[in-house]
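> Structure supplied as structure15.pdb; contents: PDB, C-alpha atoms, pLDDT in the B column.
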```pdb
ATOM      1  CA  MET A   1      -9.389  12.879   5.984  1.00 83.00           C
ATOM      2  CA  ALA A   2     -11.593  13.518   9.006  1.00 87.00           C
ATOM      3  CA  LEU A   3      -9.224  11.503  11.197  1.00 90.00           C
ATOM      4  CA  ARG A   4      -6.215  13.448   9.896  1.00 90.00           C
ATOM      5  CA  ARG A   5      -8.059  16.694  10.634  1.00 90.00           C
ATOM      6  CA  ASP A   6      -8.869  15.471  14.148  1.00 91.00           C
ATOM      7  CA  LEU A   7      -5.210  14.573  14.684  1.00 93.00           C
ATOM      8  CA  GLY A   8      -4.067  17.949  13.409  1.00 93.00           C
ATOM      9  CA  ASP A   9      -2.095  16.254  10.627  1.00 94.00           C
ATOM     10  CA  ARG A  10      -2.148  19.147   8.159  1.00 94.00           C
ATOM     11  CA  GLU A  11       0.189  17.453   5.703  1.00 93.00           C
ATOM     12  CA  GLY A  12      -2.011  14.350   5.724  1.00 94.00           C
ATOM     13  CA  VAL A  13      -5.070  16.539   5.112  1.00 95.00           C
ATOM     14  CA  ALA A  14      -3.320  18.267   2.191  1.00 94.00           C
ATOM     15  CA  ILE A  15      -2.380  14.911   0.658  1.00 93.00           C
ATOM     16  CA  ALA A  16      -5.925  13.583   1.115  1.00 94.00           C
ATOM     17  CA  LEU A  17      -7.388  16.722  -0.462  1.00 94.00           C
ATOM     18  CA  THR A  18      -5.209  16.522  -3.551  1.00 91.00           C
ATOM     19  CA  ASN A  19      -5.917  12.802  -3.931  1.00 92.00           C
ATOM     20  CA  LEU A  20      -9.662  13.415  -3.624  1.00 93.00           C
ATOM     21  CA  GLY A  21      -9.277  16.215  -6.154  1.00 91.00           C
ATOM     22  CA  GLU A  22      -7.571  13.794  -8.522  1.00 89.00           C
ATOM     23  CA  VAL A  23     -10.508  11.377  -8.218  1.00 92.00           C
ATOM     24  CA  ALA A  24     -13.010  14.184  -8.779  1.00 91.00           C
ATOM     25  CA  CYS A  25     -11.106  15.284 -11.891  1.00 87.00           C
ATOM     26  CA  LEU A  26     -11.073  11.747 -13.283  1.00 86.00           C
ATOM     27  CA  GLN A  27     -14.829  11.561 -12.652  1.00 90.00           C
ATOM     28  CA  GLY A  28     -15.377  14.806 -14.572  1.00 85.00           C
ATOM     29  CA  ALA A  29     -16.351  16.854 -11.506  1.00 87.00           C
ATOM     30  CA  VAL A  30     -13.995  19.682 -12.425  1.00 84.00           C
ATOM     31  CA  ALA A  31     -15.420  22.339 -10.079  1.00 84.00           C
ATOM     32  CA  ARG A  32     -15.139  19.942  -7.144  1.00 88.00           C
ATOM     33  CA  ALA A  33     -11.618  18.953  -8.243  1.00 88.00           C
ATOM     34  CA  ALA A  34     -10.619  22.620  -8.457  1.00 86.00           C
ATOM     35  CA  ALA A  35     -11.975  23.333  -4.973  1.00 89.00           C
ATOM     36  CA  LEU A  36     -10.122  20.382  -3.465  1.00 92.00           C
ATOM     37  CA  GLN A  37      -6.872  21.255  -5.242  1.00 90.00           C
ATOM     38  CA  ALA A  38      -7.160  24.904  -4.185  1.00 88.00           C
ATOM     39  CA  GLU A  39      -7.596  23.913  -0.528  1.00 91.00           C
ATOM     40  CA  SER A  40      -4.737  21.442  -0.769  1.00 92.00           C
ATOM     41  CA  LEU A  41      -2.446  24.002  -2.386  1.00 91.00           C
ATOM     42  CA  VAL A  42      -3.158  26.531   0.371  1.00 90.00           C
ATOM     43  CA  LEU A  43      -2.173  23.945   2.992  1.00 93.00           C
ATOM     44  CA  PHE A  44       0.951  22.844   1.134  1.00 92.00           C
ATOM     45  CA  ARG A  45       2.010  26.487   0.750  1.00 90.00           C
ATOM     46  CA  GLU A  46       1.482  27.114   4.473  1.00 92.00           C
ATOM     47  CA  LEU A  47       3.515  24.005   5.309  1.00 92.00           C
ATOM     48  CA  GLY A  48       6.284  25.103   2.954  1.00 86.00           C
ATOM     49  CA  GLY A  49       7.145  21.655   1.657  1.00 81.00           C
ATOM     50  CA  ALA A  50       8.287  21.929  -1.948  1.00 89.00           C
ATOM     51  CA  TRP A  51       7.409  18.315  -2.774  1.00 90.00           C
ATOM     52  CA  GLY A  52       3.782  18.855  -1.696  1.00 90.00           C
ATOM     53  CA  ILE A  53       3.453  22.027  -3.739  1.00 92.00           C
ATOM     54  CA  VAL A  54       4.908  20.265  -6.792  1.00 92.00           C
ATOM     55  CA  TYR A  55       2.576  17.312  -6.225  1.00 89.00           C
ATOM     56  CA  CYS A  56      -0.421  19.636  -6.100  1.00 90.00           C
ATOM     57  CA  LEU A  57       0.719  21.799  -9.034  1.00 91.00           C
ATOM     58  CA  GLN A  58       0.613  18.755 -11.269  1.00 90.00           C
ATOM     59  CA  ARG A  59      -2.946  18.050 -10.209  1.00 89.00           C
ATOM     60  CA  VAL A  60      -3.900  21.679 -10.853  1.00 89.00           C
ATOM     61  CA  ALA A  61      -2.398  21.499 -14.358  1.00 89.00           C
ATOM     62  CA  LEU A  62      -4.462  18.394 -15.085  1.00 86.00           C
ATOM     63  CA  VAL A  63      -7.622  20.041 -13.702  1.00 85.00           C
ATOM     64  CA  ALA A  64      -6.965  23.131 -15.835  1.00 83.00           C
ATOM     65  CA  GLN A  65      -6.654  20.980 -18.914  1.00 81.00           C
ATOM     66  CA  ALA A  66      -9.792  18.976 -18.089  1.00 78.00           C
ATOM     67  CA  SER A  67     -11.942  22.046 -17.439  1.00 67.00           C
ATOM     68  CA  ARG A  68     -14.086  23.909 -19.932  1.00 63.00           C
ATOM     69  CA  SER A  69     -11.508  26.681 -19.839  1.00 55.00           C
ATOM     70  CA  GLY A  70      -8.949  24.009 -20.738  1.00 54.00           C
ATOM     71  CA  GLN A  71     -10.792  23.645 -24.015  1.00 64.00           C
ATOM     72  CA  ARG A  72     -10.092  27.292 -24.815  1.00 69.00           C
ATOM     73  CA  PRO A  73      -6.682  28.640 -25.802  1.00 67.00           C
ATOM     74  CA  ASP A  74      -6.225  30.623 -22.551  1.00 80.00           C
ATOM     75  CA  GLY A  75      -6.916  27.550 -20.404  1.00 82.00           C
ATOM     76  CA  ARG A  76      -4.628  25.390 -22.504  1.00 87.00           C
ATOM     77  CA  ARG A  77      -1.901  27.991 -22.291  1.00 91.00           C
ATOM     78  CA  ARG A  78      -2.207  28.105 -18.495  1.00 90.00           C
ATOM     79  CA  ALA A  79      -1.918  24.310 -18.347  1.00 91.00           C
ATOM     80  CA  ALA A  80       1.154  24.374 -20.631  1.00 94.00           C
ATOM     81  CA  ARG A  81       2.817  26.992 -18.408  1.00 96.00           C
ATOM     82  CA  LEU A  82       2.094  24.944 -15.298  1.00 95.00           C
ATOM     83  CA  PHE A  83       3.533  21.812 -16.904  1.00 96.00           C
ATOM     84  CA  GLY A  84       6.622  23.812 -17.903  1.00 97.00           C
ATOM     85  CA  ALA A  85       6.998  25.066 -14.336  1.00 97.00           C
ATOM     86  CA  LEU A  86       6.620  21.506 -13.070  1.00 95.00           C
ATOM     87  CA  ALA A  87       9.355  20.232 -15.362  1.00 96.00           C
ATOM     88  CA  GLU A  88      11.795  22.855 -14.126  1.00 96.00           C
ATOM     89  CA  LEU A  89      10.823  22.534 -10.467  1.00 96.00           C
ATOM     90  CA  ARG A  90      11.078  18.746 -10.557  1.00 95.00           C
ATOM     91  CA  ALA A  91      14.573  19.053 -12.092  1.00 96.00           C
ATOM     92  CA  THR A  92      15.894  21.753  -9.770  1.00 95.00           C
ATOM     93  CA  LEU A  93      14.338  20.369  -6.588  1.00 94.00           C
ATOM     94  CA  GLY A  94      15.131  16.732  -7.359  1.00 94.00           C
ATOM     95  CA  ILE A  95      11.489  15.616  -7.279  1.00 93.00           C
ATOM     96  CA  PRO A  96      11.090  13.046 -10.056  1.00 92.00           C
ATOM     97  CA  LEU A  97       7.840  12.329 -11.814  1.00 91.00           C
ATOM     98  CA  PRO A  98       6.534   9.017 -10.462  1.00 89.00           C
ATOM     99  CA  PRO A  99       6.734   6.343 -13.192  1.00 92.00           C
ATOM    100  CA  ASN A 100       3.045   5.517 -12.851  1.00 91.00           C
ATOM    101  CA  GLU A 101       2.172   9.098 -13.840  1.00 89.00           C
ATOM    102  CA  GLN A 102       4.515   9.321 -16.840  1.00 92.00           C
ATOM    103  CA  GLY A 103       2.010   8.123 -19.442  1.00 93.00           C
ATOM    104  CA  ARG A 104      -0.777  10.429 -18.297  1.00 89.00           C
ATOM    105  CA  ILE A 105       1.503  13.455 -18.335  1.00 92.00           C
ATOM    106  CA  GLU A 106       2.932  12.574 -21.750  1.00 93.00           C
ATOM    107  CA  GLU A 107      -0.624  12.247 -23.098  1.00 92.00           C
ATOM    108  CA  ALA A 108      -1.644  15.588 -21.572  1.00 91.00           C
ATOM    109  CA  LEU A 109       1.413  17.299 -23.068  1.00 94.00           C
ATOM    110  CA  ALA A 110       0.797  15.787 -26.505  1.00 94.00           C
ATOM    111  CA  LEU A 111      -2.815  17.013 -26.443  1.00 91.00           C
ATOM    112  CA  LEU A 112      -1.732  20.489 -25.387  1.00 92.00           C
ATOM    113  CA  ARG A 113       0.973  20.677 -28.054  1.00 94.00           C
ATOM    114  CA  ALA A 114      -1.485  19.560 -30.750  1.00 93.00           C
ATOM    115  CA  ALA A 115      -4.149  22.044 -29.639  1.00 91.00           C
ATOM    116  CA  LEU A 116      -1.821  25.020 -29.203  1.00 92.00           C
ATOM    117  CA  GLY A 117       0.643  24.361 -31.996  1.00 95.00           C
ATOM    118  CA  ASP A 118       4.365  23.924 -31.514  1.00 96.00           C
ATOM    119  CA  ALA A 119       5.346  27.597 -31.330  1.00 97.00           C
ATOM    120  CA  THR A 120       2.758  28.566 -28.709  1.00 95.00           C
ATOM    121  CA  PHE A 121       3.318  25.409 -26.674  1.00 96.00           C
ATOM    122  CA  VAL A 122       7.107  25.914 -26.628  1.00 97.00           C
ATOM    123  CA  ALA A 123       6.728  29.593 -25.655  1.00 97.00           C
ATOM    124  CA  ASP A 124       4.286  28.788 -22.837  1.00 96.00           C
ATOM    125  CA  TRP A 125       6.456  25.887 -21.656  1.00 97.00           C
ATOM    126  CA  ALA A 126       9.450  28.251 -21.496  1.00 98.00           C
ATOM    127  CA  ASP A 127       7.403  30.848 -19.588  1.00 97.00           C
ATOM    128  CA  GLY A 128       6.490  28.166 -17.060  1.00 97.00           C
ATOM    129  CA  ARG A 129      10.082  26.960 -16.728  1.00 97.00           C
ATOM    130  CA  ALA A 130      11.091  30.486 -15.742  1.00 98.00           C
ATOM    131  CA  MET A 131       8.718  30.492 -12.737  1.00 97.00           C
ATOM    132  CA  THR A 132       9.913  30.074  -9.191  1.00 95.00           C
ATOM    133  CA  LEU A 133       8.086  27.711  -6.840  1.00 93.00           C
ATOM    134  CA  GLU A 134       6.223  30.660  -5.322  1.00 92.00           C
ATOM    135  CA  GLN A 135       5.331  32.113  -8.722  1.00 95.00           C
ATOM    136  CA  ALA A 136       4.107  28.736  -9.978  1.00 95.00           C
ATOM    137  CA  SER A 137       1.969  28.152  -6.894  1.00 91.00           C
ATOM    138  CA  ALA A 138       0.446  31.655  -7.162  1.00 92.00           C
ATOM    139  CA  TYR A 139      -0.195  31.000 -10.863  1.00 93.00           C
ATOM    140  CA  ALA A 140      -1.894  27.713  -9.959  1.00 91.00           C
ATOM    141  CA  VAL A 141      -4.144  29.488  -7.453  1.00 88.00           C
ATOM    142  CA  ALA A 142      -5.111  31.995 -10.152  1.00 88.00           C
ATOM    143  CA  THR A 143      -5.695  29.118 -12.579  1.00 86.00           C
ATOM    144  CA  VAL A 144      -8.186  27.272 -10.363  1.00 83.00           C
ATOM    145  CA  ALA A 145      -9.989  30.377  -9.049  1.00 82.00           C
ATOM    146  CA  PRO A 146     -12.346  30.705 -12.062  1.00 79.00           C
ATOM    147  CA  LEU A 147     -13.080  26.973 -11.930  1.00 75.00           C
ATOM    148  CA  LEU A 148     -14.343  27.025  -8.344  1.00 72.00           C
ATOM    149  CA  PRO A 149     -18.056  26.602  -7.695  1.00 66.00           C
ATOM    150  CA  GLN A 150     -19.701  30.002  -7.523  1.00 63.00           C
ATOM    151  CA  GLU A 151     -21.386  31.062  -4.287  1.00 51.00           C
ATOM    152  CA  ALA A 152     -25.134  31.559  -4.615  1.00 42.00           C
TER     153      ALA A 152
END
```
Here is a file; write its structure as structure tokens.


Amino acid sequence: MALRRDLGDREGVAIALTNLGEVACLQGAVARAAALQAESLVLFRELGGAWGIVYCLQRVALVAQASRSGQRPDGRRRAARLFGALAELRATLGIPLPPNEQGRIEEALALLRAALGDATFVADWADGRAMTLEQASAYAVATVAPLLPQEA
């Protein structure tokens, strides 16, 4: 990432940040994952590339689900809305879910549906599907904000 920063490769930095955020999330370092995803999302939004925003939104949804707030109904509902937005954005923008991520997303959705119940999950999914790319990315920023490490 340092080399990409030195080269001024902002897209490469954004990709590296979201990948590092994914690793942090898998390691259980949710605050670190949220910070990395937030920084990545800001860069992707500045660059304006829809695929990068979609890529990062998925990571944010997974971070939201993995966080302590993801264990509460409000956090689960935010994750369900983000996954709904992702489904619609992937379909309308022609950005398919990579096959190697299919199982993880299906598992995350099954856990959310079980925790929220069918009616709430379906309603939140529909709310997410109604979001534009800009609305979904703003919603993702608001989702990770409370997860960020607090300044001392």

> Find, counting all atoms listed in the file, the residue in A:Ile105, A:Leu97, A:Met131, A:Ala115 that gets nearest to Arg76 in chain A.

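So, comparing all the options, the nearest one is A:Ala115.
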
> Could you write out as a list in words the residues that the PyMOL selection byres ((chain A and resi 56) around 9) matches in the shown file?

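Given this file, the PyMOL selection byres ((chain A and resi 56) around 9) evaluates to Ala14, Ile15, Thr18, Gln37, Ala38, Ser40, Leu41, Phe44, Trp51, Gly52, Ile53, Val54, Tyr55, Leu57, Gln58, Arg59, Val60, Ala61 and Ser137 of chain A.
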
> Please indicate the distance in Å from CA of Ala24 in chain A to CA of Val63 in chain A, rounded to one decimal place.

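Going from CA of Ala24 in chain A over to CA of Val63 in chain A, I get 9.4 Å.
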
> Applying 12 Å and all atoms listed in the file, which residues near Thr92 in chain A remain after dropping the ones on its own chain fewer than 3 positions away? List them as a ChimeraX atom specification.

/A:50-51,54,85-89,95-96,129-133

> Choose the residue, out of A:Leu147, A:Leu26, A:Val141, A:Met1, that has the smallest atom-to-atom separation from Glu39 in chain A; count only C-alpha atoms.

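Looking only at the distances to Glu39 in chain A, the closest residue turns out to be A:Val141.
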
> Nearest residue to Cys25 in chain A out of A:Pro98, A:Ala80, A:Ala66, A:Leu109, using all atoms listed in the file?

A:Ala66

> Would you translate the PyMOL selection byres ((chain A and resi 116) around 12) into the concrete set of residues it matches in this file, as JSON, numbers by chain?

{"A": [70, 71, 72, 73, 74, 75, 76, 77, 78, 79, 80, 81, 109, 110, 111, 112, 113, 114, 115, 117, 118, 119, 120, 121, 122, 123, 124, 125]}

> What is the distance, in Å and to one decimal place, between CA of Val30 in chain A and CA of Glu134 in chain A?

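Spanning CA of Val30 in chain A to CA of Glu134 in chain A is a straight-line distance of 24.1 Å.
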
> What separation in Å, quoted to one decimal, exists between CA of Ala145 in chain A and CA of Leu62 in chain A?

14.5 Å

> Taking all atoms listed in the file into account, name the residue in A:Leu36, A:Glu101, A:Gly128, A:Leu3 that is nearest to Asn19 in chain A.

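Selected residue with least distance to Asn19 in chain A: A:Leu36.
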
> Report the centre and edge lengths, in Å to one decimal, of an axis-aligned box enclosing every atom of range 138-143 of chain A listed in the file, padded by 8 Å on each side, as JSON.


```
{"center_x": -2.6, "center_y": 29.9, "center_z": -9.9, "size_x": 22.1, "size_y": 20.3, "size_z": 21.4}
```

> Could you check which of A:Leu148, A:Ala136, A:Ala2, A:Ala91 is closest to Ala16 in chain A, using all atoms listed in the file?

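The closest residue to Ala16 in chain A is A:Ala2.
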